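See below for final01.json, which holds JSON, C-alpha atoms.
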```json
[["chain", "number", "residue", "atom", "x", "y", "z"],
["A", 1394, "MET", "CA", -217.95, 23.04, 47.83],
["A", 1395, "ARG", "CA", -219.36, 20.21, 49.89],
["A", 1396, "THR", "CA", -222.65, 18.44, 49.25],
["A", 1397, "PHE", "CA", -224.63, 16.91, 52.09],
["A", 1398, "VAL", "CA", -227.71, 14.69, 51.94],
["A", 1399, "ALA", "CA", -229.50, 13.86, 55.17],
["A", 1400, "GLY", "CA", -226.45, 14.92, 57.17],
["A", 1401, "GLN", "CA", -223.99, 12.77, 55.21],
["A", 1402, "GLU", "CA", -221.38, 14.19, 52.86],
["A", 1403, "ALA", "CA", -221.61, 12.91, 49.28],
["A", 1404, "HIS", "CA", -218.29, 12.36, 47.50],
["A", 1405, "GLY", "CA", -219.22, 12.35, 43.82],
["A", 1406, "ASP", "CA", -222.29, 11.99, 41.64],
["A", 1407, "PHE", "CA", -222.97, 8.31, 42.32],
["A", 1408, "GLU", "CA", -222.73, 8.73, 46.07],
["A", 1409, "PHE", "CA", -225.02, 11.77, 45.88],
["A", 1410, "ALA", "CA", -227.63, 9.76, 43.95],
["A", 1411, "GLU", "CA", -227.29, 6.86, 46.38],
["A", 1412, "LEU", "CA", -227.80, 9.11, 49.40],
["A", 1413, "ALA", "CA", -230.57, 11.17, 47.82],
["A", 1414, "LEU", "CA", -232.53, 8.29, 46.31],
["A", 1415, "GLY", "CA", -231.62, 5.54, 48.73],
["A", 1416, "ILE", "CA", -230.54, 3.32, 45.81],
["A", 1417, "ASP", "CA", -227.22, 1.47, 45.74],
["A", 1418, "VAL", "CA", -226.25, 1.87, 42.09],
["A", 1419, "ASP", "CA", -223.83, -1.08, 42.11],
["A", 1420, "LEU", "CA", -226.51, -3.39, 43.49],
["A", 1421, "PHE", "CA", -228.71, -2.91, 40.44],
["A", 1422, "ARG", "CA", -226.18, -2.03, 37.74],
["A", 1423, "GLY", "CA", -223.47, -4.36, 38.90],
["A", 1424, "PRO", "CA", -219.86, -3.43, 39.51],
["A", 1425, "LEU", "CA", -217.85, -2.00, 36.65],
["A", 1426, "ASP", "CA", -215.13, -4.54, 37.47],
["A", 1427, "SER", "CA", -215.67, -8.24, 36.95],
["A", 1428, "GLU", "CA", -217.57, -10.39, 39.41],
["A", 1429, "THR", "CA", -217.79, -14.14, 39.78],
["A", 1430, "ASP", "CA", -220.94, -16.03, 38.79],
["A", 1431, "ASP", "CA", -221.73, -16.63, 42.47],
["A", 1432, "GLU", "CA", -221.27, -12.94, 43.32],
["A", 1433, "ARG", "CA", -223.47, -11.90, 40.41],
["A", 1434, "ALA", "CA", -226.18, -14.40, 41.38],
["A", 1435, "ALA", "CA", -226.19, -13.17, 44.99],
["A", 1436, "ARG", "CA", -226.26, -9.51, 43.92],
["A", 1437, "GLU", "CA", -229.09, -10.12, 41.45],
["A", 1438, "ASP", "CA", -231.11, -12.01, 44.10],
["A", 1439, "ALA", "CA", -230.70, -9.11, 46.53],
["A", 1440, "ALA", "CA", -231.58, -6.58, 43.83],
["A", 1441, "ARG", "CA", -234.75, -8.54, 42.95],
["A", 1442, "ASP", "CA", -235.78, -8.57, 46.62],
["A", 1443, "VAL", "CA", -235.21, -4.82, 47.01],
["A", 1444, "LEU", "CA", -237.02, -4.08, 43.75],
["A", 1445, "ALA", "CA", -239.98, -6.23, 44.85],
["A", 1446, "ASP", "CA", -240.12, -4.32, 48.15],
["A", 1447, "LEU", "CA", -240.01, -0.97, 46.34],
["A", 1448, "ARG", "CA", -242.81, -2.06, 44.00],
["A", 1449, "ALA", "CA", -244.92, -3.25, 46.95],
["A", 1450, "GLU", "CA", -244.40, 0.08, 48.72],
["A", 1451, "ALA", "CA", -245.32, 1.90, 45.51],
["A", 1452, "GLY", "CA", -248.45, -0.22, 45.21],
["A", 1453, "ALA", "CA", -249.37, 0.81, 48.75],
["A", 1454, "GLY", "CA", -249.22, 4.47, 47.72],
["A", 1455, "ASP", "CA", -245.58, 5.48, 48.31],
["A", 1456, "GLU", "CA", -244.82, 7.64, 45.27],
["A", 1457, "ILE", "CA", -241.11, 7.98, 46.11],
["A", 1458, "ALA", "CA", -240.74, 4.19, 46.27],
["A", 1459, "GLY", "CA", -242.39, 4.03, 42.84],
["A", 1460, "TRP", "CA", -239.84, 6.42, 41.36],
["A", 1461, "ASP", "CA", -237.02, 4.55, 43.10],
["A", 1462, "ALA", "CA", -238.31, 1.29, 41.62],
["A", 1463, "LEU", "CA", -238.30, 2.80, 38.12],
["A", 1464, "TYR", "CA", -234.74, 4.09, 38.59],
["A", 1465, "ALA", "CA", -233.50, 0.78, 40.02],
["A", 1466, "ASP", "CA", -235.14, -1.17, 37.20],
["A", 1467, "ALA", "CA", -233.52, 1.10, 34.62],
["A", 1468, "LEU", "CA", -230.11, 0.52, 36.24],
["A", 1469, "THR", "CA", -230.48, -3.23, 35.73],
["A", 1470, "ARG", "CA", -230.53, -2.62, 31.97],
["A", 1471, "THR", "CA", -227.23, -0.70, 31.85],
["A", 1472, "VAL", "CA", -224.84, -3.63, 32.33],
["A", 1473, "PRO", "CA", -225.01, -5.08, 28.78],
["A", 1474, "PHE", "CA", -224.19, -1.65, 27.36],
["A", 1475, "LEU", "CA", -221.25, -1.13, 29.72],
["A", 1476, "ARG", "CA", -219.88, -4.59, 29.03],
["A", 1477, "SER", "CA", -220.20, -4.12, 25.27],
["A", 1478, "VAL", "CA", -218.30, -0.83, 25.45],
["A", 1479, "ARG", "CA", -215.47, -2.46, 27.39],
["A", 1480, "GLY", "CA", -215.34, -5.21, 24.75],
["A", 1481, "LEU", "CA", -214.56, -2.74, 21.98],
["A", 1482, "ARG", "CA", -210.97, -2.11, 21.08],
["A", 1483, "ALA", "CA", -210.06, 1.49, 21.73],
["A", 1484, "GLY", "CA", -210.25, 3.60, 18.61],
["A", 1485, "THR", "CA", -211.23, 0.84, 16.20],
["A", 1486, "GLY", "CA", -214.91, 0.34, 16.94],
["A", 1487, "GLU", "CA", -214.34, -3.42, 16.64],
["A", 1488, "ALA", "CA", -214.87, -6.11, 19.23],
["A", 1489, "ALA", "CA", -211.80, -7.10, 21.18]]
```

Structure translated into structure tokens:
Amino acid sequence: MRTFVAGQEAHGDFEFAELALGIDVDLFRGPLDSETDDERAAREDAARDVLADLRAEAGAGDEIAGWDALYADALTRTVPFLRSVRGLRAGTGEAA
């Protein structure tokens, strides 16, 4: 079965959320692979700008932008958890 959002086919859950919500998950969460300090700084700057725009739109009465801002903000808090999970040795529950 195919899933389409706004005329574009979504290939997987993350792409569906990105198309449906208009939020680039990797922009706010960060990539699951490593990134350089410069790449992270640039990504975080862009994410802050987008989040500020969403909050301004929400403040002007755009309810969807408000929900998008909440979702994007929540994504920014997922990176420490993901990194800590990768740091655990498989099956031991101890830090690598």

Legend entry - Coordinates-based distance that separates CA of Asp1430 in chain A from CA of Leu1447 in chain A (Å, one decimal): 25.4 Å

Inset, instruction - Please indicate the distance in Å from CA of Ala1440 in chain A to CA of Leu1468 in chain A, rounded to one decimal place. - result: 10.5 Å

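Of the residues under consideration (A:Leu1420, A:Asp1446, A:Ala1453, A:Ala1403), A:Leu1420 shows the shortest atom-to-atom contact distance to Ala1434 in chain A when counting all atoms listed in the file.
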
Legend entry - Residues within 12 Å of (-229.8, 5.9, 44.2), file coords, all atoms listed in the file, listed as an MDAnalysis selection string: chainID A and resid 1398 1403 1406:1422 1457:1458 1460:1468

Deliver the residues from the most recent selection as a file, using C-alpha atoms, as a JSON list (two decimals), in the frame of the given file.
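So the final result, stored in again06.json, reads:
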```json
[["chain", "number", "residue", "atom", "x", "y", "z"],
["A", 1398, "VAL", "CA", -227.71, 14.69, 51.94],
["A", 1403, "ALA", "CA", -221.61, 12.91, 49.28],
["A", 1406, "ASP", "CA", -222.29, 11.99, 41.64],
["A", 1407, "PHE", "CA", -222.97, 8.31, 42.32],
["A", 1408, "GLU", "CA", -222.73, 8.73, 46.07],
["A", 1409, "PHE", "CA", -225.02, 11.77, 45.88],
["A", 1410, "ALA", "CA", -227.63, 9.76, 43.95],
["A", 1411, "GLU", "CA", -227.29, 6.86, 46.38],
["A", 1412, "LEU", "CA", -227.80, 9.11, 49.40],
["A", 1413, "ALA", "CA", -230.57, 11.17, 47.82],
["A", 1414, "LEU", "CA", -232.53, 8.29, 46.31],
["A", 1415, "GLY", "CA", -231.62, 5.54, 48.73],
["A", 1416, "ILE", "CA", -230.54, 3.32, 45.81],
["A", 1417, "ASP", "CA", -227.22, 1.47, 45.74],
["A", 1418, "VAL", "CA", -226.25, 1.87, 42.09],
["A", 1419, "ASP", "CA", -223.83, -1.08, 42.11],
["A", 1420, "LEU", "CA", -226.51, -3.39, 43.49],
["A", 1421, "PHE", "CA", -228.71, -2.91, 40.44],
["A", 1422, "ARG", "CA", -226.18, -2.03, 37.74],
["A", 1457, "ILE", "CA", -241.11, 7.98, 46.11],
["A", 1458, "ALA", "CA", -240.74, 4.19, 46.27],
["A", 1460, "TRP", "CA", -239.84, 6.42, 41.36],
["A", 1461, "ASP", "CA", -237.02, 4.55, 43.10],
["A", 1462, "ALA", "CA", -238.31, 1.29, 41.62],
["A", 1463, "LEU", "CA", -238.30, 2.80, 38.12],
["A", 1464, "TYR", "CA", -234.74, 4.09, 38.59],
["A", 1465, "ALA", "CA", -233.50, 0.78, 40.02],
["A", 1466, "ASP", "CA", -235.14, -1.17, 37.20],
["A", 1467, "ALA", "CA", -233.52, 1.10, 34.62],
["A", 1468, "LEU", "CA", -230.11, 0.52, 36.24]]
```

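Atom pair CA of Glu1450 in chain A / CA of Gln1401 in chain A: separated by 24.9 Å.
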
Can you sort out range 1408-1441 of chain A so it carries N, CA and C atoms, written as a PDB file, in the coordinates of the input?
```pdb
ATOM      1  N   GLU A1408    -222.437   8.738  44.640  1.00  0.00           N
ATOM      2  CA  GLU A1408    -222.730   8.730  46.070  1.00  0.00           C
ATOM      3  C   GLU A1408    -223.875   9.698  46.383  1.00  0.00           C
ATOM      4  N   PHE A1409    -223.915  10.832  45.684  1.00  0.00           N
ATOM      5  CA  PHE A1409    -225.020  11.770  45.880  1.00  0.00           C
ATOM      6  C   PHE A1409    -226.346  11.110  45.518  1.00  0.00           C
ATOM      7  N   ALA A1410    -226.388  10.440  44.368  1.00  0.00           N
ATOM      8  CA  ALA A1410    -227.630   9.760  43.950  1.00  0.00           C
ATOM      9  C   ALA A1410    -228.007   8.667  44.932  1.00  0.00           C
ATOM     10  N   GLU A1411    -227.013   7.926  45.419  1.00  0.00           N
ATOM     11  CA  GLU A1411    -227.290   6.860  46.380  1.00  0.00           C
ATOM     12  C   GLU A1411    -227.883   7.414  47.666  1.00  0.00           C
ATOM     13  N   LEU A1412    -227.301   8.508  48.161  1.00  0.00           N
ATOM     14  CA  LEU A1412    -227.800   9.110  49.400  1.00  0.00           C
ATOM     15  C   LEU A1412    -229.163   9.766  49.181  1.00  0.00           C
ATOM     16  N   ALA A1413    -229.317  10.451  48.070  1.00  0.00           N
ATOM     17  CA  ALA A1413    -230.570  11.170  47.820  1.00  0.00           C
ATOM     18  C   ALA A1413    -231.725  10.233  47.515  1.00  0.00           C
ATOM     19  N   LEU A1414    -231.464   9.198  46.728  1.00  0.00           N
ATOM     20  CA  LEU A1414    -232.530   8.290  46.310  1.00  0.00           C
ATOM     21  C   LEU A1414    -232.641   7.048  47.177  1.00  0.00           C
ATOM     22  N   GLY A1415    -231.601   6.746  47.921  1.00  0.00           N
ATOM     23  CA  GLY A1415    -231.620   5.540  48.730  1.00  0.00           C
ATOM     24  C   GLY A1415    -231.391   4.292  47.892  1.00  0.00           C
ATOM     25  N   ILE A1416    -230.783   4.442  46.731  1.00  0.00           N
ATOM     26  CA  ILE A1416    -230.540   3.320  45.810  1.00  0.00           C
ATOM     27  C   ILE A1416    -229.045   3.085  45.691  1.00  0.00           C
ATOM     28  N   ASP A1417    -228.622   1.852  45.936  1.00  0.00           N
ATOM     29  CA  ASP A1417    -227.220   1.470  45.740  1.00  0.00           C
ATOM     30  C   ASP A1417    -227.050   1.133  44.259  1.00  0.00           C
ATOM     31  N   VAL A1418    -226.392   2.021  43.540  1.00  0.00           N
ATOM     32  CA  VAL A1418    -226.250   1.870  42.090  1.00  0.00           C
ATOM     33  C   VAL A1418    -225.590   0.543  41.729  1.00  0.00           C
ATOM     34  N   ASP A1419    -224.533   0.170  42.424  1.00  0.00           N
ATOM     35  CA  ASP A1419    -223.830  -1.080  42.110  1.00  0.00           C
ATOM     36  C   ASP A1419    -224.689  -2.315  42.318  1.00  0.00           C
ATOM     37  N   LEU A1420    -225.635  -2.247  43.254  1.00  0.00           N
ATOM     38  CA  LEU A1420    -226.510  -3.390  43.490  1.00  0.00           C
ATOM     39  C   LEU A1420    -227.338  -3.710  42.254  1.00  0.00           C
ATOM     40  N   PHE A1421    -227.835  -2.699  41.595  1.00  0.00           N
ATOM     41  CA  PHE A1421    -228.710  -2.910  40.440  1.00  0.00           C
ATOM     42  C   PHE A1421    -227.949  -2.934  39.120  1.00  0.00           C
ATOM     43  N   ARG A1422    -226.954  -2.089  38.975  1.00  0.00           N
ATOM     44  CA  ARG A1422    -226.180  -2.030  37.740  1.00  0.00           C
ATOM     45  C   ARG A1422    -225.131  -3.112  37.692  1.00  0.00           C
ATOM     46  N   GLY A1423    -224.598  -3.440  38.836  1.00  0.00           N
ATOM     47  CA  GLY A1423    -223.470  -4.360  38.900  1.00  0.00           C
ATOM     48  C   GLY A1423    -222.193  -3.559  38.927  1.00  0.00           C
ATOM     49  N   PRO A1424    -221.128  -4.149  39.447  1.00  0.00           N
ATOM     50  CA  PRO A1424    -219.860  -3.430  39.510  1.00  0.00           C
ATOM     51  C   PRO A1424    -219.274  -3.249  38.116  1.00  0.00           C
ATOM     52  N   LEU A1425    -218.486  -2.212  37.944  1.00  0.00           N
ATOM     53  CA  LEU A1425    -217.850  -2.000  36.650  1.00  0.00           C
ATOM     54  C   LEU A1425    -216.687  -2.966  36.459  1.00  0.00           C
ATOM     55  N   ASP A1426    -216.155  -3.498  37.550  1.00  0.00           N
ATOM     56  CA  ASP A1426    -215.130  -4.540  37.470  1.00  0.00           C
ATOM     57  C   ASP A1426    -215.831  -5.886  37.349  1.00  0.00           C
ATOM     58  N   SER A1427    -215.068  -6.915  37.098  1.00  0.00           N
ATOM     59  CA  SER A1427    -215.670  -8.240  36.950  1.00  0.00           C
ATOM     60  C   SER A1427    -216.145  -8.775  38.289  1.00  0.00           C
ATOM     61  N   GLU A1428    -217.096  -9.691  38.223  1.00  0.00           N
ATOM     62  CA  GLU A1428    -217.570 -10.390  39.410  1.00  0.00           C
ATOM     63  C   GLU A1428    -217.748 -11.850  39.042  1.00  0.00           C
ATOM     64  N   THR A1429    -217.636 -12.711  40.030  1.00  0.00           N
ATOM     65  CA  THR A1429    -217.790 -14.140  39.780  1.00  0.00           C
ATOM     66  C   THR A1429    -219.278 -14.440  39.522  1.00  0.00           C
ATOM     67  N   ASP A1430    -219.550 -15.621  39.012  1.00  0.00           N
ATOM     68  CA  ASP A1430    -220.940 -16.030  38.790  1.00  0.00           C
ATOM     69  C   ASP A1430    -221.719 -16.075  40.095  1.00  0.00           C
ATOM     70  N   ASP A1431    -221.071 -16.567  41.161  1.00  0.00           N
ATOM     71  CA  ASP A1431    -221.730 -16.630  42.470  1.00  0.00           C
ATOM     72  C   ASP A1431    -222.021 -15.230  43.015  1.00  0.00           C
ATOM     73  N   GLU A1432    -221.058 -14.328  42.857  1.00  0.00           N
ATOM     74  CA  GLU A1432    -221.270 -12.940  43.320  1.00  0.00           C
ATOM     75  C   GLU A1432    -222.408 -12.275  42.545  1.00  0.00           C
ATOM     76  N   ARG A1433    -222.413 -12.494  41.239  1.00  0.00           N
ATOM     77  CA  ARG A1433    -223.470 -11.900  40.410  1.00  0.00           C
ATOM     78  C   ARG A1433    -224.837 -12.468  40.788  1.00  0.00           C
ATOM     79  N   ALA A1434    -224.916 -13.772  41.008  1.00  0.00           N
ATOM     80  CA  ALA A1434    -226.180 -14.400  41.380  1.00  0.00           C
ATOM     81  C   ALA A1434    -226.691 -13.846  42.715  1.00  0.00           C
ATOM     82  N   ALA A1435    -225.800 -13.700  43.688  1.00  0.00           N
ATOM     83  CA  ALA A1435    -226.190 -13.170  44.990  1.00  0.00           C
ATOM     84  C   ALA A1435    -226.640 -11.716  44.874  1.00  0.00           C
ATOM     85  N   ARG A1436    -225.899 -10.913  44.105  1.00  0.00           N
ATOM     86  CA  ARG A1436    -226.260  -9.510  43.920  1.00  0.00           C
ATOM     87  C   ARG A1436    -227.602  -9.375  43.227  1.00  0.00           C
ATOM     88  N   GLU A1437    -227.819 -10.183  42.182  1.00  0.00           N
ATOM     89  CA  GLU A1437    -229.090 -10.120  41.450  1.00  0.00           C
ATOM     90  C   GLU A1437    -230.263 -10.569  42.314  1.00  0.00           C
ATOM     91  N   ASP A1438    -230.054 -11.578  43.165  1.00  0.00           N
ATOM     92  CA  ASP A1438    -231.110 -12.010  44.100  1.00  0.00           C
ATOM     93  C   ASP A1438    -231.471 -10.878  45.060  1.00  0.00           C
ATOM     94  N   ALA A1439    -230.450 -10.227  45.616  1.00  0.00           N
ATOM     95  CA  ALA A1439    -230.700  -9.110  46.530  1.00  0.00           C
ATOM     96  C   ALA A1439    -231.394  -7.965  45.817  1.00  0.00           C
ATOM     97  N   ALA A1440    -230.965  -7.669  44.594  1.00  0.00           N
ATOM     98  CA  ALA A1440    -231.580  -6.580  43.830  1.00  0.00           C
ATOM     99  C   ALA A1440    -233.051  -6.894  43.528  1.00  0.00           C
ATOM    100  N   ARG A1441    -233.349  -8.150  43.201  1.00  0.00           N
ATOM    101  CA  ARG A1441    -234.750  -8.540  42.950  1.00  0.00           C
ATOM    102  C   ARG A1441    -235.606  -8.348  44.200  1.00  0.00           C
TER     103      ARG A1441
END
```
